[in-house]
file entry24.csv (CSV, C-alpha atoms and all ligand atoms)
chain,number,residue,atom,x,y,z
A,1,MET,CA,-18.7,0.5,10.4
A,2,HIS,CA,-18.2,1.3,6.7
A,3,SER,CA,-18.1,-1.2,3.9
A,4,ALA,CA,-14.7,-1.7,2.2
A,5,PRO,CA,-13.9,1.1,-0.2
A,6,THR,CA,-14.3,0.6,-3.9
A,7,TRP,CA,-10.9,0.9,-5.7
A,8,ASP,CA,-10.4,2.5,-9.2
A,9,PRO,CA,-7.3,0.9,-10.7
A,10,GLN,CA,-7.0,3.5,-13.5
A,11,GLN,CA,-7.2,6.4,-11.1
A,12,TYR,CA,-4.6,4.7,-8.9
A,13,LEU,CA,-2.2,4.0,-11.8
A,14,ARG,CA,-2.3,7.7,-12.9
A,15,HIS,CA,0.6,8.4,-10.5
A,16,SER,CA,2.3,5.0,-10.9
A,17,GLY,CA,5.8,6.5,-11.3
A,18,HIS,CA,5.8,8.2,-7.9
A,19,ARG,CA,3.9,5.3,-6.3
A,20,THR,CA,6.4,2.7,-7.6
A,21,ARG,CA,9.6,4.5,-6.5
A,22,PRO,CA,9.2,3.5,-2.8
A,23,PHE,CA,8.7,-0.1,-3.7
A,24,LEU,CA,11.9,-0.1,-5.6
A,25,ASP,CA,13.6,1.5,-2.6
A,26,LEU,CA,12.2,-1.3,-0.4
A,27,LEU,CA,13.2,-4.0,-2.9
A,28,ALA,CA,16.8,-2.7,-2.9
A,29,ARG,CA,17.0,-3.5,0.9
A,30,ILE,CA,15.6,-7.1,0.7
A,31,PRO,CA,18.5,-9.6,1.1
A,32,GLU,CA,18.8,-12.6,-1.2
A,33,LEU,CA,16.1,-15.2,-0.6
A,34,PRO,CA,16.9,-18.6,0.9
A,35,ALA,CA,15.7,-20.6,-2.0
A,36,ILE,CA,18.3,-19.0,-4.3
A,37,GLY,CA,21.1,-21.5,-4.7
A,38,THR,CA,19.0,-24.5,-3.7
A,39,GLY,CA,17.5,-25.0,-7.2
A,40,LEU,CA,14.0,-24.5,-5.8
A,41,PRO,CA,11.8,-21.6,-7.1
A,42,PRO,CA,11.5,-18.9,-4.5
A,43,ARG,CA,7.9,-18.6,-3.1
A,44,ILE,CA,6.7,-15.0,-2.6
A,45,ALA,CA,3.4,-13.4,-1.3
A,46,ASP,CA,2.5,-9.8,-2.1
A,47,LEU,CA,-0.2,-8.7,0.4
A,48,GLY,CA,-2.5,-5.9,-1.0
A,49,CYS,CA,-1.0,-6.3,-4.4
A,50,GLY,CA,-3.4,-3.8,-6.1
A,51,PRO,CA,-3.3,-3.7,-9.9
A,52,GLY,CA,-0.3,-6.1,-10.1
A,53,ASN,CA,2.3,-3.8,-11.7
A,54,VAL,CA,4.4,-3.8,-8.6
A,55,THR,CA,3.9,-7.6,-8.1
A,56,ALA,CA,5.3,-8.1,-11.6
A,57,LEU,CA,8.5,-6.2,-10.6
A,58,LEU,CA,9.2,-9.0,-8.1
A,59,ALA,CA,9.5,-11.4,-11.1
A,60,ASP,CA,12.1,-9.1,-12.6
A,61,ARG,CA,14.3,-9.7,-9.6
A,62,TRP,CA,13.4,-13.3,-9.0
A,63,PRO,CA,12.6,-14.6,-12.5
A,64,THR,CA,12.0,-18.3,-11.4
A,65,ALA,CA,9.8,-17.4,-8.4
A,66,HIS,CA,6.2,-18.4,-7.8
A,67,ILE,CA,4.6,-15.2,-6.8
A,68,THR,CA,1.1,-14.8,-5.5
A,69,GLY,CA,-0.6,-11.4,-5.1
A,70,PHE,CA,-3.4,-11.2,-2.6
A,71,ASP,CA,-5.9,-8.4,-2.5
A,72,SER,CA,-9.4,-7.8,-1.2
A,73,SER,CA,-10.6,-5.6,-4.1
A,74,PRO,CA,-12.3,-7.3,-7.0
A,75,GLU,CA,-11.6,-4.3,-9.2
A,76,MET,CA,-7.8,-4.5,-8.4
A,77,LEU,CA,-7.7,-8.2,-8.9
A,78,GLU,CA,-9.4,-7.9,-12.3
A,79,GLN,CA,-6.7,-5.5,-13.4
A,80,ALA,CA,-3.9,-7.6,-11.9
A,81,ALA,CA,-5.1,-10.6,-13.9
A,82,ASP,CA,-3.4,-9.1,-16.9
A,83,TYR,CA,-0.1,-10.1,-15.3
A,84,ALA,CA,-1.1,-13.6,-14.4
A,85,GLY,CA,0.7,-16.6,-15.9
A,86,THR,CA,4.1,-17.9,-16.5
A,87,THR,CA,6.9,-15.3,-16.4
A,88,PRO,CA,9.7,-15.0,-19.0
A,89,GLY,CA,12.1,-16.6,-16.5
A,90,GLY,CA,10.0,-19.7,-16.0
A,91,GLY,CA,8.3,-18.5,-12.9
A,92,LEU,CA,4.6,-18.1,-12.1
A,93,LEU,CA,2.5,-15.1,-11.2
A,94,ASP,CA,-1.0,-15.6,-9.8
A,95,PHE,CA,-3.5,-13.5,-7.9
A,96,ARG,CA,-6.1,-14.4,-5.2
A,97,ALA,CA,-8.8,-12.8,-3.2
A,98,ALA,CA,-7.8,-12.4,0.5
A,99,ASP,CA,-8.3,-10.1,3.4
A,100,ALA,CA,-4.9,-9.3,4.8
A,101,ALA,CA,-6.5,-8.8,8.2
A,102,HIS,CA,-7.1,-12.5,8.3
A,103,TRP,CA,-4.5,-13.8,6.0
A,104,THR,CA,-2.5,-16.9,7.2
A,105,PRO,CA,0.4,-18.1,5.2
A,106,ASP,CA,-0.8,-21.0,3.1
A,107,ASP,CA,2.7,-22.1,2.1
A,108,THR,CA,6.3,-21.7,3.3
A,109,TYR,CA,7.4,-18.4,1.9
A,110,ASP,CA,10.8,-17.0,1.1
A,111,LEU,CA,9.4,-13.5,1.0
A,112,ILE,CA,6.2,-11.9,2.3
A,113,VAL,CA,6.0,-8.3,1.0
A,114,SER,CA,3.5,-5.6,1.2
A,115,ASN,CA,3.6,-2.2,-0.5
A,116,ALA,CA,1.3,0.7,0.5
A,117,ALA,CA,-1.4,-1.6,1.7
A,118,LEU,CA,-1.1,-2.4,5.5
A,119,GLN,CA,-2.3,1.1,6.4
A,120,TRP,CA,-5.7,-0.2,5.4
A,121,VAL,CA,-5.4,-3.1,7.8
A,122,PRO,CA,-6.0,-2.2,11.5
A,123,ASN,CA,-3.9,-4.0,14.0
A,124,HIS,CA,-1.6,-5.4,11.2
A,125,PRO,CA,1.3,-5.7,13.7
A,126,GLU,CA,-0.6,-8.4,15.5
A,127,SER,CA,-0.3,-10.6,12.4
A,128,PHE,CA,3.5,-10.2,12.3
A,129,PRO,CA,4.2,-13.4,14.4
A,130,LEU,CA,2.0,-15.5,12.2
A,131,TRP,CA,3.5,-14.1,9.0
A,132,ILE,CA,7.1,-14.6,10.2
A,133,GLU,CA,6.3,-18.1,11.3
A,134,GLY,CA,5.2,-18.7,7.7
A,135,LEU,CA,8.7,-17.8,6.4
A,136,ARG,CA,11.5,-20.3,5.6
A,137,PRO,CA,14.5,-19.7,7.8
A,138,GLY,CA,16.5,-16.9,6.2
A,139,GLY,CA,13.3,-15.6,4.6
A,140,THR,CA,12.2,-12.0,4.7
A,141,PHE,CA,9.1,-10.0,5.6
A,142,ALA,CA,9.2,-6.5,4.1
A,143,PHE,CA,6.7,-3.7,3.9
A,144,GLN,CA,6.2,0.0,3.2
A,145,VAL,CA,3.3,2.1,4.5
A,146,PRO,CA,2.6,5.9,4.1
A,147,GLY,CA,3.5,8.0,7.1
A,148,ASN,CA,1.8,11.2,6.0
A,149,PHE,CA,-1.3,11.1,8.1
A,150,THR,CA,-0.6,14.5,9.7
A,151,SER,CA,0.3,16.1,6.4
A,152,PRO,CA,-2.2,18.8,5.2
A,153,SER,CA,-3.7,16.5,2.5
A,154,HIS,CA,-4.9,14.1,5.2
A,155,ALA,CA,-5.5,16.6,8.0
A,156,LEU,CA,-7.7,18.7,5.8
A,157,LEU,CA,-9.6,15.6,4.6
A,158,GLY,CA,-10.2,14.6,8.2
A,159,GLU,CA,-11.3,18.1,9.2
A,160,LEU,CA,-13.7,18.4,6.2
A,161,CYS,CA,-15.2,15.0,7.0
A,162,ASP,CA,-15.8,16.3,10.6
A,163,ALA,CA,-17.3,19.6,9.4
A,164,PRO,CA,-21.0,20.2,10.2
A,165,GLN,CA,-22.2,19.7,6.6
A,166,TRP,CA,-20.5,16.3,6.3
A,167,ARG,CA,-20.2,14.9,9.8
A,168,ASP,CA,-23.4,12.8,9.7
A,169,ARG,CA,-22.3,10.9,6.6
A,170,LEU,CA,-18.5,11.0,6.8
A,171,SER,CA,-17.3,11.5,10.3
A,172,ASP,CA,-15.2,8.4,10.7
A,173,HIS,CA,-13.3,8.8,7.5
A,174,GLY,CA,-10.9,11.4,8.8
A,175,ARG,CA,-9.7,9.1,11.5
A,176,ARG,CA,-8.4,6.2,9.5
A,177,PHE,CA,-4.8,5.0,9.5
A,178,VAL,CA,-4.2,5.5,13.2
A,179,HIS,CA,-2.7,2.0,13.2
A,180,VAL,CA,0.4,2.9,11.3
A,181,LEU,CA,3.4,2.9,13.7
A,182,ASP,CA,6.6,4.8,13.6
A,183,PRO,CA,9.7,3.1,12.2
A,184,ALA,CA,11.2,2.6,15.7
A,185,GLU,CA,8.1,0.8,16.9
A,186,TYR,CA,8.0,-1.5,13.9
A,187,LEU,CA,11.8,-2.1,14.5
A,188,THR,CA,11.2,-3.1,18.1
A,189,ARG,CA,8.4,-5.5,17.3
A,190,LEU,CA,10.3,-7.2,14.5
A,191,VAL,CA,13.5,-7.6,16.6
A,192,ASP,CA,11.3,-8.9,19.5
A,193,LEU,CA,10.2,-11.6,17.0
A,194,GLY,CA,13.8,-12.7,16.6
A,195,CYS,CA,14.4,-11.1,13.2
A,196,GLU,CA,17.4,-9.1,11.9
A,197,SER,CA,15.5,-5.9,11.2
A,198,ASP,CA,15.9,-2.6,9.6
A,199,ALA,CA,13.3,0.2,9.6
A,200,TRP,CA,13.5,3.7,8.3
A,201,GLU,CA,11.5,6.6,6.8
A,202,THR,CA,11.9,8.8,3.7
A,203,THR,CA,10.0,11.9,2.7
A,204,TYR,CA,9.8,12.1,-1.1
A,205,SER,CA,9.4,15.7,-2.5
A,206,GLN,CA,7.1,14.6,-5.3
A,207,LEU,CA,6.7,17.1,-8.1
A,208,LEU,CA,3.3,16.8,-9.6
A,209,ALA,CA,2.1,18.3,-12.9
A,210,GLY,CA,-1.3,19.6,-14.0
A,211,GLU,CA,-4.2,21.3,-12.2
A,212,ASP,CA,-5.2,20.2,-8.7
A,213,PRO,CA,-2.7,17.3,-8.8
A,214,VAL,CA,-2.9,16.6,-5.1
A,215,LEU,CA,-6.6,16.1,-5.4
A,216,ASP,CA,-6.0,13.8,-8.3
A,217,TRP,CA,-3.5,11.8,-6.3
A,218,VAL,CA,-5.7,11.4,-3.2
A,219,LYS,CA,-8.7,10.3,-5.4
A,220,GLY,CA,-6.7,7.1,-6.1
A,221,THR,CA,-6.1,6.3,-2.4
A,222,ALA,CA,-7.2,8.2,0.7
A,223,LEU,CA,-10.4,9.5,-0.8
A,224,ARG,CA,-11.6,6.0,-1.8
A,225,PRO,CA,-13.7,5.6,1.4
A,226,VAL,CA,-15.4,9.0,1.0
A,227,LEU,CA,-16.0,8.4,-2.7
A,228,THR,CA,-17.5,5.0,-1.9
A,229,THR,CA,-19.8,6.4,0.7
A,230,LEU,CA,-21.0,9.2,-1.6
A,231,ALA,CA,-21.2,7.0,-4.7
A,232,ASP,CA,-25.0,7.0,-4.7
A,233,ASP,CA,-25.2,10.8,-4.5
A,234,PRO,CA,-23.1,12.3,-7.3
A,235,ALA,CA,-24.1,15.9,-6.4
A,236,ALA,CA,-22.8,15.5,-2.9
A,237,ALA,CA,-19.6,13.9,-4.1
A,238,ALA,CA,-19.0,16.8,-6.5
A,239,GLU,CA,-19.7,19.3,-3.7
A,240,PHE,CA,-17.3,17.5,-1.3
A,241,LEU,CA,-14.6,17.4,-4.0
A,242,ALA,CA,-15.0,21.1,-4.7
A,243,GLU,CA,-14.7,22.0,-1.0
A,244,TYR,CA,-11.6,19.7,-0.6
A,245,ARG,CA,-10.1,21.0,-3.8
A,246,ASP,CA,-10.2,24.6,-2.5
A,247,LEU,CA,-8.5,23.6,0.7
A,248,LEU,CA,-5.8,21.7,-1.2
A,249,ARG,CA,-5.2,24.6,-3.5
A,250,LYS,CA,-4.3,26.8,-0.5
A,251,ALA,CA,-2.2,24.1,1.2
A,252,TYR,CA,-0.3,23.1,-2.0
A,253,PRO,CA,0.0,26.2,-4.2
A,254,PRO,CA,1.6,25.4,-7.6
A,255,GLY,CA,5.2,26.6,-8.0
A,256,PRO,CA,7.2,27.4,-11.1
A,257,HIS,CA,7.8,23.8,-12.0
A,258,GLY,CA,4.6,22.1,-10.8
A,259,THR,CA,3.2,21.3,-7.3
A,260,VAL,CA,5.5,19.9,-4.7
A,261,PHE,CA,3.7,17.2,-2.7
A,262,PRO,CA,5.9,16.0,0.2
A,263,PHE,CA,5.1,12.4,1.0
A,264,ARG,CA,6.6,10.6,4.1
A,265,ARG,CA,6.8,6.8,3.9
A,266,ILE,CA,7.8,4.2,6.4
A,267,PHE,CA,9.8,1.0,5.6
A,268,ALA,CA,10.7,-2.2,7.4
A,269,VAL,CA,12.6,-5.2,6.4
A,270,ALA,CA,12.9,-8.2,8.8
A,271,ARG,CA,14.9,-11.3,8.0
A,272,LYS,CA,14.1,-14.5,9.9
A,273,LYS,CA,17.3,-16.0,11.3
A,274,ASN,CA,18.6,-19.3,9.8
B,301,LIG,C1,-2.6,1.9,-2.3
B,301,LIG,S1,-3.0,0.3,-3.0
B,301,LIG,C2,-1.4,-0.5,-3.1
B,301,LIG,C3,-1.3,-1.5,-4.3
B,301,LIG,C4,0.1,-2.1,-4.6
B,301,LIG,N1,0.6,-2.8,-3.5
B,301,LIG,C5,1.0,-1.0,-5.0
B,301,LIG,O1,2.1,-0.9,-4.4
B,301,LIG,O2,0.8,-0.4,-6.0
B,301,LIG,C6,-3.6,-0.5,-1.6
B,301,LIG,C7,-4.2,-1.9,-1.9
B,301,LIG,O3,-4.5,-2.6,-0.7
B,301,LIG,C8,-5.6,-3.3,-0.9
B,301,LIG,N2,-6.2,-3.6,0.4
B,301,LIG,C9,-6.8,-2.7,1.3
B,301,LIG,N3,-7.2,-3.4,2.4
B,301,LIG,C10,-6.9,-4.7,2.2
B,301,LIG,C11,-7.2,-5.9,3.0
B,301,LIG,N4,-7.7,-5.8,4.2
B,301,LIG,N5,-6.8,-7.0,2.5
B,301,LIG,C12,-6.2,-7.1,1.3
B,301,LIG,N6,-5.9,-6.0,0.5
B,301,LIG,C13,-6.3,-4.8,1.0
B,301,LIG,C14,-6.5,-2.5,-1.7
B,301,LIG,O4,-7.5,-3.2,-2.4
B,301,LIG,C15,-5.5,-1.9,-2.7
B,301,LIG,O5,-5.3,-2.7,-3.8

call {"tool": "encode", "arguments": {"input": "entry24.csv", "output": "structure tokens"}}
result
Amino acid sequence: MHSAPTWDPQQYLRHSGHRTRPFLDLLARIPELPAIGTGLPPRIADLGCGPGNVTALLADRWPTAHITGFDSSPEMLEQAADYAGTTPGGGLLDFRAADAAHWTPDDTYDLIVSNAALQWVPNHPESFPLWIEGLRPGGTFAFQVPGNFTSPSHALLGELCDAPQWRDRLSDHGRRFVHVLDPAEYLTRLVDLGCESDAWETTYSQLLAGEDPVLDWVKGTALRPVLTTLADDPAAAAEFLAEYRDLLRKAYPPGPHGTVFPFRRIFAVARKKN
């Protein structure tokens, strides 16, 4: 077993435009919340909220809401604290430490949302019944997870972790994320739980600028466990990054306008019936 990866909010935020787009696409499919029209502020949970910039977008759509971002990374929570407090619409944003693997709704929620986080939570579908139970009737559970684990960026990372020179220290890191399901499987599970559900996938053709932009992207997410394991050996970390960079350069050669990095993402929205 490995300890939890250490996150680097600044590295993660370097690609915030491309990383925010799928959240906006998810948000567009979330139906109106049951609290709207009752005079009560909507109650919202954001699981794996990260640096809080995406959590704050929820307050743009539901200005009076009480929104709580939950995350297990102290580094991310420290960054998210910049957004904490009352919102211009009279709502409230707060952030708390929690492990999504064991998170139980502590309130009755209008919306439980998670963006790009449940891929780090093995067996997350087993928590769906509990999370949906924590919703008000007419409330929504919505999430987005990457579905790019067979893409060259991840496959090459896995192969390199398994290569003879790294196997002893890094062998499990290539086999993460096996717990992400296909859209049809998420759909079936959510309909089984009595929800009106929608699930879909989109592959974004992300145009990245600069030198070795795919490496720079992955440094903010999928490489975190490797970088955490090698944190006490900077020479080994530099060597690993150089080997991985060479593989990525071949897999994602720059084109005339930058480097195209296709990125598949999986979405699901489940509305609890009234
Ligand atoms: C790729 S970031 C996504 C952050 C944010 N939701 C966004 O869309 O920008 C993944 C986040 O999930 C968090 N995370 C990973 N495992 C977690 C767990 N078991 N419980 C809570 N948060 C977790 C990480 O700390 C990180 O902040």

call {"tool": "closest_atom_pairs", "arguments": {"input": "entry24.csv", "of": "chain A", "to": "ligand LIG 301 (chain B)", "cutoff": "6 Å", "atoms": "all atoms listed in the file", "output": "Markdown table"}}
result
| residue | atom | partner | partner_atom | distance |
| --- | --- | --- | --- | --- |
| A:Gly48 | CA | B:LIG301 | N6 | 3.7 |
| A:Cys49 | CA | B:LIG301 | N1 | 4.0 |
| A:Gly50 | CA | B:LIG301 | O5 | 3.2 |
| A:Val54 | CA | B:LIG301 | O2 | 5.6 |
| A:Asp71 | CA | B:LIG301 | N6 | 3.8 |
| A:Ser72 | CA | B:LIG301 | C12 | 4.1 |
| A:Ser73 | CA | B:LIG301 | O4 | 4.3 |
| A:Met76 | CA | B:LIG301 | O5 | 5.5 |
| A:Ala98 | CA | B:LIG301 | C12 | 5.6 |
| A:Asp99 | CA | B:LIG301 | N5 | 3.6 |
| A:Ala100 | CA | B:LIG301 | N5 | 3.8 |
| A:Ala101 | CA | B:LIG301 | N4 | 5.1 |
| A:Asn115 | CA | B:LIG301 | N1 | 4.3 |
| A:Ala116 | CA | B:LIG301 | C2 | 4.7 |
| A:Ala117 | CA | B:LIG301 | O3 | 4.0 |
| A:Trp120 | CA | B:LIG301 | N3 | 4.6 |
| A:Val121 | CA | B:LIG301 | N4 | 5.1 |
| A:Thr221 | CA | B:LIG301 | C1 | 5.6 |

call {"tool": "closest_residue", "arguments": {"input": "entry24.csv", "among": "A:Thr6, A:Thr64, A:Gln79, A:Thr140", "to": "Ile36 in chain A", "atoms": "only C-alpha atoms"}}
result
A:Thr64

call {"tool": "residues_around", "arguments": {"input": "entry24.csv", "residues": "Arg136 in chain A", "least_positions_apart": "6", "cutoff": "7 Å", "atoms": "only C-alpha atoms", "output": "PDB file with C-alpha atoms, in the coordinates of the input"}}
result
ATOM      1  CA  THR A 108       6.300 -21.700   3.300  1.00  0.00           C
ATOM      2  CA  TYR A 109       7.400 -18.400   1.900  1.00  0.00           C
ATOM      3  CA  ASP A 110      10.800 -17.000   1.100  1.00  0.00           C
TER       4      ASP A 110
END

call {"tool": "closest_atom_pairs", "arguments": {"input": "entry24.csv", "of": "range 97-200 of chain A", "to": "range 259-273 of chain A", "cutoff": "6 Å", "atoms": "only C-alpha atoms", "output": "tab-separated table"}}
result
residue	atom	partner	partner_atom	distance
A:Pro137	CA	A:Lys272	CA	5.6
A:Gly138	CA	A:Lys272	CA	5.0
A:Gly139	CA	A:Lys272	CA	5.5
A:Thr140	CA	A:Arg271	CA	4.3
A:Phe141	CA	A:Ala270	CA	5.3
A:Ala142	CA	A:Val269	CA	4.3
A:Phe143	CA	A:Ala268	CA	5.5
A:Gln144	CA	A:Phe267	CA	4.4
A:Val145	CA	A:Ile266	CA	5.3
A:Pro146	CA	A:Arg265	CA	4.3
A:Gly147	CA	A:Arg265	CA	4.8
A:Asn148	CA	A:Arg264	CA	5.2
A:Cys195	CA	A:Lys272	CA	4.7
A:Glu196	CA	A:Arg271	CA	5.1
A:Ser197	CA	A:Ala270	CA	4.2
A:Asp198	CA	A:Val269	CA	5.3
A:Ala199	CA	A:Ala268	CA	4.2
A:Trp200	CA	A:Phe267	CA	5.3

call {"tool": "closest_atom_pairs", "arguments": {"input": "entry24.csv", "of": "range 193-227 of chain A", "to": "range 156-177 of chain A", "cutoff": "12 Å", "atoms": "only C-alpha atoms", "output": "CSV"}}
result
residue,atom,partner,partner_atom,distance
A:Val214,CA,A:Leu157,CA,11.8
A:Leu215,CA,A:Leu157,CA,10.5
A:Val218,CA,A:Leu157,CA,9.7
A:Lys219,CA,A:Leu157,CA,11.4
A:Ala222,CA,A:Leu157,CA,8.7
A:Leu223,CA,A:Leu157,CA,8.2
A:Arg224,CA,A:His173,CA,9.9
A:Pro225,CA,A:His173,CA,6.9
A:Val226,CA,A:His173,CA,6.8
A:Leu227,CA,A:Leu170,CA,10.2

call {"tool": "closest_residue", "arguments": {"input": "entry24.csv", "among": "A:Leu135, A:Leu181, A:Leu230, A:Leu77", "to": "Asn53 in chain A", "atoms": "all atoms listed in the file"}}
result
A:Leu77

call {"tool": "atom_distance", "arguments": {"input": "entry24.csv", "atom1": "CA of His18 in chain A", "atom2": "CA of Leu208 in chain A"}}
result
9.1 Å

call {"tool": "atom_distance", "arguments": {"input": "entry24.csv", "atom1": "CA of Trp7 in chain A", "atom2": "CA of Pro51 in chain A"}}
result
9.8 Å
